[in-house]
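The file structure-v3.cif comes next; it holds mmCIF, C-alpha atoms and all ligand atoms.
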data_target
#
loop_
_atom_site.group_PDB
_atom_site.id
_atom_site.type_symbol
_atom_site.label_atom_id
_atom_site.label_comp_id
_atom_site.auth_asym_id
_atom_site.auth_seq_id
_atom_site.Cartn_x
_atom_site.Cartn_y
_atom_site.Cartn_z
ATOM 1 C CA MET A 1 117.768 135.559 41.061
ATOM 2 C CA GLU A 2 119.527 138.827 41.942
ATOM 3 C CA PHE A 3 122.653 140.081 40.188
ATOM 4 C CA PHE A 4 125.437 142.042 41.869
ATOM 5 C CA LEU A 5 127.911 143.096 39.221
ATOM 6 C CA ASP A 6 131.253 144.828 39.356
ATOM 7 C CA VAL A 7 131.776 147.668 36.869
ATOM 8 C CA ASP A 8 135.495 148.209 36.078
ATOM 9 C CA GLY A 9 136.885 145.274 34.153
ATOM 10 C CA VAL A 10 133.416 143.746 33.784
ATOM 11 C CA ILE A 11 131.047 146.364 32.313
ATOM 12 C CA LEU A 12 133.365 149.313 31.601
ATOM 13 C CA ASP A 13 136.848 149.212 30.139
ATOM 14 C CA PHE A 14 138.801 151.158 32.733
ATOM 15 C CA GLU A 15 142.147 149.674 31.748
ATOM 16 C CA THR A 16 142.282 150.719 28.109
ATOM 17 C CA SER A 17 141.371 154.343 28.872
ATOM 18 C CA PHE A 18 143.786 154.466 31.774
ATOM 19 C CA ILE A 19 146.666 153.045 29.745
ATOM 20 C CA ASP A 20 145.911 155.479 26.908
ATOM 21 C CA PHE A 21 145.963 158.316 29.433
ATOM 22 C CA VAL A 22 149.303 157.163 30.864
ATOM 23 C CA ARG A 23 150.745 156.991 27.356
ATOM 24 C CA ASP A 24 149.423 160.436 26.346
ATOM 25 C CA GLN A 25 150.440 162.198 29.547
ATOM 26 C CA TYR A 26 153.486 160.365 30.899
ATOM 27 C CA LEU A 27 154.970 157.516 28.863
ATOM 28 C CA PRO A 28 154.814 158.256 25.117
ATOM 29 C CA ASP A 29 156.806 155.083 24.325
ATOM 30 C CA LEU A 30 154.286 152.726 25.901
ATOM 31 C CA PRO A 31 153.341 150.241 23.136
ATOM 32 C CA ALA A 32 149.890 150.561 21.547
ATOM 33 C CA ASP A 33 149.047 146.959 22.455
ATOM 34 C CA TYR A 34 150.316 147.215 26.033
ATOM 35 C CA VAL A 35 148.329 145.001 28.433
ATOM 36 C CA PRO A 36 148.795 145.478 32.203
ATOM 37 C CA GLN A 37 149.682 142.227 33.973
ATOM 38 C CA SER A 38 148.953 143.406 37.492
ATOM 39 C CA TRP A 39 145.862 144.824 39.147
ATOM 40 C CA GLU A 40 148.119 147.120 41.146
ATOM 41 C CA MET A 41 149.126 149.918 38.808
ATOM 42 C CA ALA A 42 151.895 150.862 41.258
ATOM 43 C CA ASN A 43 153.598 147.548 40.381
ATOM 44 C CA GLU A 44 152.895 148.072 36.729
ATOM 45 C CA PHE A 45 154.419 151.565 36.466
ATOM 46 C CA LYS A 46 157.103 151.720 39.115
ATOM 47 C CA ASP A 47 158.566 155.033 37.909
ATOM 48 C CA LEU A 48 155.294 156.954 38.166
ATOM 49 C CA ASP A 49 153.595 158.417 41.230
ATOM 50 C CA ILE A 50 150.580 156.249 40.612
ATOM 51 C CA VAL A 51 148.342 157.953 43.185
ATOM 52 C CA GLU A 52 148.840 161.243 41.385
ATOM 53 C CA VAL A 53 148.380 159.658 37.951
ATOM 54 C CA TRP A 54 145.199 157.871 39.032
ATOM 55 C CA GLY A 55 143.875 161.117 40.570
ATOM 56 C CA SER A 56 144.439 163.136 37.448
ATOM 57 C CA PHE A 57 142.898 160.394 35.321
ATOM 58 C CA VAL A 58 139.668 160.185 37.326
ATOM 59 C CA ASP A 59 139.470 163.991 37.323
ATOM 60 C CA SER A 60 139.874 164.077 33.549
ATOM 61 C CA ASP A 61 136.902 164.101 31.181
ATOM 62 C CA ARG A 62 137.934 160.676 29.880
ATOM 63 C CA PHE A 63 136.974 158.982 33.100
ATOM 64 C CA ALA A 64 133.239 159.529 32.603
ATOM 65 C CA ARG A 65 133.478 158.199 29.037
ATOM 66 C CA LEU A 66 134.929 154.717 29.455
ATOM 67 C CA ASP A 67 133.919 152.270 26.721
ATOM 68 C CA LEU A 68 131.734 149.240 27.265
ATOM 69 C CA LEU A 69 133.194 145.742 27.518
ATOM 70 C CA ILE A 70 129.744 144.253 26.902
ATOM 71 C CA GLU A 71 126.716 144.648 24.633
ATOM 72 C CA ALA A 72 124.281 147.114 26.202
ATOM 73 C CA GLU A 73 121.338 145.179 24.685
ATOM 74 C CA SER A 74 122.401 141.968 26.415
ATOM 75 C CA PHE A 75 122.819 143.761 29.719
ATOM 76 C CA ASN A 76 119.442 145.469 29.454
ATOM 77 C CA ARG A 77 117.713 142.193 28.551
ATOM 78 C CA LEU A 78 119.054 140.794 31.819
ATOM 79 C CA SER A 79 117.971 143.785 33.893
ATOM 80 C CA LYS A 80 114.504 143.650 32.366
ATOM 81 C CA GLN A 81 114.078 140.159 33.759
ATOM 82 C CA TYR A 82 116.029 140.297 37.033
ATOM 83 C CA ALA A 83 117.114 142.740 39.727
ATOM 84 C CA VAL A 84 120.553 143.955 38.642
ATOM 85 C CA TYR A 85 122.686 145.964 41.064
ATOM 86 C CA LEU A 86 126.022 147.496 40.149
ATOM 87 C CA ILE A 87 128.695 147.681 42.839
ATOM 88 C CA THR A 88 131.670 149.796 41.910
ATOM 89 C CA ASN A 89 134.896 150.301 43.863
ATOM 90 C CA LEU A 90 135.429 154.072 43.589
ATOM 91 C CA PRO A 91 135.782 156.960 46.029
ATOM 92 C CA VAL A 92 132.582 158.866 46.865
ATOM 93 C CA SER A 93 133.813 161.842 44.811
ATOM 94 C CA GLN A 94 133.536 159.758 41.613
ATOM 95 C CA TYR A 95 129.991 158.490 42.099
ATOM 96 C CA ASN A 96 128.361 160.988 39.729
ATOM 97 C CA ASN A 97 130.963 160.524 37.014
ATOM 98 C CA ARG A 98 130.416 156.791 37.164
ATOM 99 C CA LYS A 99 126.642 157.247 36.901
ATOM 100 C CA LYS A 100 127.103 159.560 33.939
ATOM 101 C CA ASN A 101 129.265 156.977 32.225
ATOM 102 C CA LEU A 102 126.627 154.262 32.689
ATOM 103 C CA ASP A 103 123.904 156.636 31.451
ATOM 104 C CA LEU A 104 125.979 157.444 28.400
ATOM 105 C CA HIS A 105 125.683 153.776 27.367
ATOM 106 C CA GLN A 106 121.990 153.684 28.320
ATOM 107 C CA LEU A 107 122.405 150.840 30.762
ATOM 108 C CA VAL A 108 119.358 150.064 32.889
ATOM 109 C CA TYR A 109 119.918 148.814 36.452
ATOM 110 C CA ARG A 110 118.341 148.998 39.914
ATOM 111 C CA GLU A 111 121.018 150.849 41.805
ATOM 112 C CA LEU A 112 124.665 151.883 41.744
ATOM 113 C CA THR A 113 126.517 151.317 45.036
ATOM 114 C CA LEU A 114 130.074 152.083 46.133
ATOM 115 C CA ALA A 115 131.906 149.189 47.811
ATOM 116 C CA GLY A 116 134.940 146.959 47.436
ATOM 117 C CA HIS A 117 138.181 145.631 48.812
ATOM 118 C CA PHE A 118 140.029 148.948 48.287
ATOM 119 C CA ASN A 119 138.865 151.578 50.810
ATOM 120 C CA PHE A 120 140.741 154.727 49.647
ATOM 121 C CA GLY A 121 141.877 155.308 53.226
ATOM 122 C CA ASP A 122 138.277 155.459 54.471
ATOM 123 C CA GLU A 123 137.793 152.962 57.330
ATOM 124 C CA SER A 124 134.017 153.071 56.982
ATOM 125 C CA TYR A 125 134.106 152.158 53.271
ATOM 126 C CA PRO A 126 132.001 148.975 52.882
ATOM 127 C CA SER A 127 133.098 145.627 51.469
ATOM 128 C CA LYS A 128 131.073 144.183 48.605
ATOM 129 C CA SER A 129 129.494 141.586 50.911
ATOM 130 C CA ALA A 130 128.387 144.377 53.286
ATOM 131 C CA ALA A 131 126.783 146.192 50.349
ATOM 132 C CA ILE A 132 124.995 143.012 49.234
ATOM 133 C CA GLU A 133 123.777 142.403 52.786
ATOM 134 C CA LYS A 134 121.888 145.714 52.573
ATOM 135 C CA LEU A 135 120.530 145.258 49.044
ATOM 136 C CA HIS A 136 119.736 141.544 49.076
ATOM 137 C CA TYR A 137 116.140 140.352 49.232
ATOM 138 C CA ASN A 138 116.029 137.286 51.494
ATOM 139 C CA GLY A 139 115.405 134.049 49.698
ATOM 140 C CA GLU A 140 116.620 135.281 46.311
ATOM 141 C CA ARG A 141 119.563 133.516 44.702
ATOM 142 C CA ILE A 142 122.650 135.776 44.766
ATOM 143 C CA VAL A 143 124.742 135.936 41.595
ATOM 144 C CA PHE A 144 127.973 137.929 41.908
ATOM 145 C CA LEU A 145 130.488 138.830 39.199
ATOM 146 C CA ASP A 146 133.811 140.653 39.676
ATOM 147 C CA ASP A 147 137.304 140.641 38.188
ATOM 148 C CA HIS A 148 139.077 140.976 41.542
ATOM 149 C CA PRO A 149 139.667 137.740 43.500
ATOM 150 C CA ALA A 150 139.519 139.600 46.845
ATOM 151 C CA ASN A 151 135.916 140.659 46.198
ATOM 152 C CA CYS A 152 134.942 137.181 44.990
ATOM 153 C CA ARG A 153 136.472 135.649 48.118
ATOM 154 C CA ASP A 154 134.695 138.189 50.345
ATOM 155 C CA VAL A 155 131.261 137.470 48.864
ATOM 156 C CA LYS A 156 131.661 133.672 48.742
ATOM 157 C CA THR A 157 132.737 133.688 52.403
ATOM 158 C CA ALA A 158 129.827 135.867 53.512
ATOM 159 C CA PHE A 159 127.201 134.069 51.388
ATOM 160 C CA SER A 160 128.166 130.430 50.986
ATOM 161 C CA ASP A 161 125.076 129.675 48.862
ATOM 162 C CA SER A 162 125.838 132.469 46.402
ATOM 163 C CA GLU A 163 127.060 131.883 42.870
ATOM 164 C CA VAL A 164 130.303 133.788 42.489
ATOM 165 C CA TYR A 165 131.937 134.374 39.126
ATOM 166 C CA LEU A 166 135.406 135.738 38.417
ATOM 167 C CA MET A 167 135.785 137.574 35.119
ATOM 168 C CA SER A 168 139.074 136.497 33.571
ATOM 169 C CA ARG A 169 141.379 139.468 32.942
ATOM 170 C CA PRO A 170 145.130 139.578 32.240
ATOM 171 C CA HIS A 171 145.815 140.677 35.846
ATOM 172 C CA ASN A 172 144.060 137.646 37.406
ATOM 173 C CA LEU A 173 145.250 134.863 35.087
ATOM 174 C CA GLY A 174 147.921 133.754 37.575
ATOM 175 C CA ILE A 175 145.422 133.464 40.449
ATOM 176 C CA ARG A 176 144.418 129.970 41.519
ATOM 177 C CA ASP A 177 140.634 129.553 41.436
ATOM 178 C CA GLU A 178 138.843 129.030 44.745
ATOM 179 C CA GLY A 179 135.108 128.935 45.364
ATOM 180 C CA TRP A 180 134.256 130.905 42.237
ATOM 181 C CA ILE A 181 133.561 130.025 38.635
ATOM 182 C CA ARG A 182 135.897 131.664 36.151
ATOM 183 C CA VAL A 183 134.249 133.117 33.033
ATOM 184 C CA GLU A 184 136.040 134.394 29.946
ATOM 185 C CA HIS A 185 133.691 137.192 28.855
ATOM 186 C CA TRP A 186 130.159 138.534 29.323
ATOM 187 C CA ASP A 187 128.460 136.040 26.959
ATOM 188 C CA ASP A 188 130.219 133.164 28.721
ATOM 189 C CA PHE A 189 128.854 134.495 32.031
ATOM 190 C CA MET A 190 125.330 134.850 30.636
ATOM 191 C CA GLU A 191 125.302 131.319 29.250
ATOM 192 C CA ARG A 192 126.509 129.751 32.480
ATOM 193 C CA VAL A 193 124.152 131.679 34.739
ATOM 194 C CA LEU A 194 121.056 131.241 32.648
ATOM 195 C CA SER A 195 121.639 127.524 32.061
ATOM 196 C CA ARG A 196 121.788 126.655 35.774
HETATM 197 MG MG MG B 1 136.671 145.375 38.709
#

Would you write out, as structure tokens, the structure that this file holds?
Amino acid sequence: MEFFLDVDGVILDFETSFIDFVRDQYLPDLPADYVPQSWEMANEFKDLDIVEVWGSFVDSDRFARLDLLIEAESFNRLSKQYAVYLITNLPVSQYNNRKKNLDLHQLVYRELTLAGHFNFGDESYPSKSAAIEKLHYNGERIVFLDDHPANCRDVKTAFSDSEVYLMSRPHNLGIRDEGWIRVEHWDDFMERVLSR
């Protein structure tokens, strides 16, 4: 079994830090318990120049200190037993910050790769299935986990035998499930994968 795991919304809590940043820097009246309902922050905050806000957030020191959504011990138990690859959808310029953030939580994994459905204007930016194609050891069972339906669809289409899991998040609750298995949190994912 080989694991290909998304990072934002699965391992690291991008949303909470981002929303806190938006509140501190732009929208002081944003409620403390505010939960974004859309993956597209441009839809979420129509009055803000979201490209600029996102840019200043990822350049801030907060971005390399996102909190964990999971237990590091549970993650490291998995990576001790299986090949675990992390595939994160960030621009090249943020690769080192992302690595630092994962190191901060002492997560152990094989490799961190940049790929995903959003290409940041770079036509050569790989999809997640293209990244897996390069990393995958033939014959191994592919297990993929992501909170974005587009990435789940991409991987299930490219590897029909793979096990694809969608992490339930507020922004994907309205999405109809396709060829993936929806999981509610990390422990739910672990139980389902390891019991198959
Ligand atoms: Mg994600």

At a cut-off of 6 Å around ligand MG 1 (chain B), and using only C-alpha atoms and all ligand atoms, what residues come up? Please write them as a ChimeraX atom specification. /A:6-9,146-148

Which residues fall under the PyMOL selection byres (((chain A and resi 161-175) around 8) and not hetatm) in this file, as a PyMOL selection string? chain A and resi 9-10+35-39+141-149+152+155-156+159-160+176-177+179-185+189

Check what the PyMOL selection byres (((chain A and resi 101) around 12) and not hetatm) selects in the file above and give those residues as a ChimeraX atom specification. /A:7-8,11-14,61-68,94-100,102-107,112

What's the separation between CA of Ile19 in chain A and CA of Asn151 in chain A, in Å to one decimal place? 23.2 Å

Taking the file as shown, what set of residues would the PyMOL selection byres (((chain A and resi 115) around 6) and not hetatm) give back, as a VMD selection string? chain A and resid 88 to 89 114 116 126 to 128

Please, what distance in Å, to one decimal, runs between CA of Glu2 in chain A and CA of Ala83 in chain A?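 Going from CA of Glu2 in chain A over to CA of Ala83 in chain A covers 5.1 Å.
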
Nearest to Asp49 in chain A, restricted to all atoms listed in the file and choosing among A:Asp29, A:Glu73, A:Val22, A:Gln81, comes out as A:Val22

CA of Glu178 in chain A to CA of Phe4 in chain A, straight-line distance in Å: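 These two atoms are separated by 18.9 Å.
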
Using only C-alpha atoms, tabulate the residues of range 31-67 of chain A lying at most 12 Å from any atom of range 117-122 of chain A, each with its closest atom pair and that distance in Å to one decimal, by chain and increasing residue number, as CSV.
residue,atom,partner,partner_atom,distance
A:Trp39,CA,A:Phe118,CA,11.6
A:Glu40,CA,A:Phe118,CA,10.9
A:Val51,CA,A:Phe120,CA,10.5
A:Trp54,CA,A:Phe120,CA,11.9
A:Gly55,CA,A:Phe120,CA,11.5

Need the shell around Tyr26 in chain A: protein/DNA/RNA residues with any atom at most 9 Å away, counting all atoms listed in the file. Skip same-chain ones fewer than 3 positions apart. Format as a compact mmCIF listing (two decimals) with C-alpha atoms, in the frame of the given file?
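Written file, out-v4.txt:
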# COMPACT_ATOMS: atom_id res chain seq x y z
CA PHE A 21 145.96 158.32 29.43
CA VAL A 22 149.30 157.16 30.86
CA ARG A 23 150.74 156.99 27.36
CA LEU A 48 155.29 156.95 38.17
CA VAL A 53 148.38 159.66 37.95
